[in-house]
Amino acid sequence: MSLKYCQGSKCHTYHTKDRLKGMKGSKTYQTRRRSDFYYGNGNFCSMNCYNDWFRKFGDQAINHFGRTTEAKHLTEQNAWIKDYDYNWRAEGNERSNYRFVNKITKEQRPLTEEQYDDSNYTLNER
Ligand SMILES: [Zn+2]
């Protein structure tokens, strides 16, 4: 299992026991390193570090990937969301638990598990 560093720009400045590392006599507070983190798609050890990063780089990131400059409108054409039943159990037939639901028309269409997991698969017009 490979370890990765928290991407928080100030992670090493927070004084916690687990950040204090090194040889006795020359210990320093260091950026946290783990196999995975819970925040920001697994990139940050805490909400603090996530927010530090966003405060420093958020505007640049938004400008880079495209700032929203006008209201988006939910219409029949872009109202499809993926959904599933938390309590669903297969009962003999091949009915899939996964489906598209149109938030405007309430129409439902079946989905395979692969389509559900594929974040690029959508019925929405782009
Ligand atoms: Zn951190």
# chains A, B, ... in the order shown; residues from 1 in each chain; ligands from 1
call {"tool": "closest_atom_pairs", "arguments": {"of": "chain A", "to": "ligand 1", "cutoff": "9 Å", "atoms": "only C-alpha atoms and all ligand atoms", "output": "tab-separated table"}}
result
residue	atom	partner	partner_atom_place_in_ligand_line	distance
A:Tyr5	CA	ligand 1	1 (Zn)	7.9
A:Cys6	CA	ligand 1	1 (Zn)	4.6
A:Gln7	CA	ligand 1	1 (Zn)	6.4
A:Gly8	CA	ligand 1	1 (Zn)	4.8
A:Ser9	CA	ligand 1	1 (Zn)	7.8
A:Lys10	CA	ligand 1	1 (Zn)	7.2
A:Cys11	CA	ligand 1	1 (Zn)	4.0
A:His12	CA	ligand 1	1 (Zn)	7.2
A:Tyr14	CA	ligand 1	1 (Zn)	8.3
A:Thr31	CA	ligand 1	1 (Zn)	6.3
A:Arg32	CA	ligand 1	1 (Zn)	5.6
A:Arg33	CA	ligand 1	1 (Zn)	8.4
A:Phe37	CA	ligand 1	1 (Zn)	9.0
A:Asn43	CA	ligand 1	1 (Zn)	8.5
A:Phe44	CA	ligand 1	1 (Zn)	5.4
A:Cys45	CA	ligand 1	1 (Zn)	4.3
A:Ser46	CA	ligand 1	1 (Zn)	5.7
A:Met47	CA	ligand 1	1 (Zn)	8.4
A:Asn48	CA	ligand 1	1 (Zn)	7.4
A:Cys49	CA	ligand 1	1 (Zn)	4.7
A:Tyr50	CA	ligand 1	1 (Zn)	7.6
call {"tool": "select_by_dssp", "arguments": {"residues": "chain A", "states": "strand (DSSP E)", "output": "list in words"}}
result
Lys4, Tyr5, Leu20, Lys21, Thr28, Tyr29, Arg33, Arg34, Trp80, Ile81, Lys82, Asp83, Tyr84, Tyr98, Arg99, Phe100, Val101, Asn102, Gln108, Arg109, Pro110 and Leu111 of chain A
call {"tool": "atom_distance", "arguments": {"atom1": "atom CA of A:Ser96", "atom2": "atom CA of A:Asp83"}}
result
11.1 Å
call {"tool": "select_by_dssp", "arguments": {"residues": "stretch 1-124 of chain A", "states": "alpha helix (DSSP H)", "output": "list of chain:residue names"}}
result
A:Met47, A:Asn48, A:Cys49, A:Tyr50, A:Asn51, A:Asp52, A:Trp53, A:Phe54, A:Arg55, A:Lys56, A:Phe57, A:Gly58, A:Asp59, A:Gln60, A:Ala61, A:Ile62, A:Asn63, A:His64, A:Phe65, A:Glu113, A:Glu114, A:Gln115, A:Tyr116, A:Asp117
call {"tool": "closest_atom_pairs", "arguments": {"of": "stretch 50-103 of chain A", "to": "stretch 111-121 of chain A", "cutoff": "9 Å", "atoms": "only C-alpha atoms", "output": "JSON lines"}}
result
{"residue": "A:Lys82", "atom": "CA", "partner": "A:Tyr116", "partner_atom": "CA", "distance": 6.7}
{"residue": "A:Asp83", "atom": "CA", "partner": "A:Tyr116", "partner_atom": "CA", "distance": 8.3}
{"residue": "A:Ser96", "atom": "CA", "partner": "A:Thr112", "partner_atom": "CA", "distance": 6.4}
{"residue": "A:Asn97", "atom": "CA", "partner": "A:Leu111", "partner_atom": "CA", "distance": 7.9}
{"residue": "A:Tyr98", "atom": "CA", "partner": "A:Leu111", "partner_atom": "CA", "distance": 5.0}
{"residue": "A:Arg99", "atom": "CA", "partner": "A:Leu111", "partner_atom": "CA", "distance": 4.6}
{"residue": "A:Phe100", "atom": "CA", "partner": "A:Leu111", "partner_atom": "CA", "distance": 6.6}
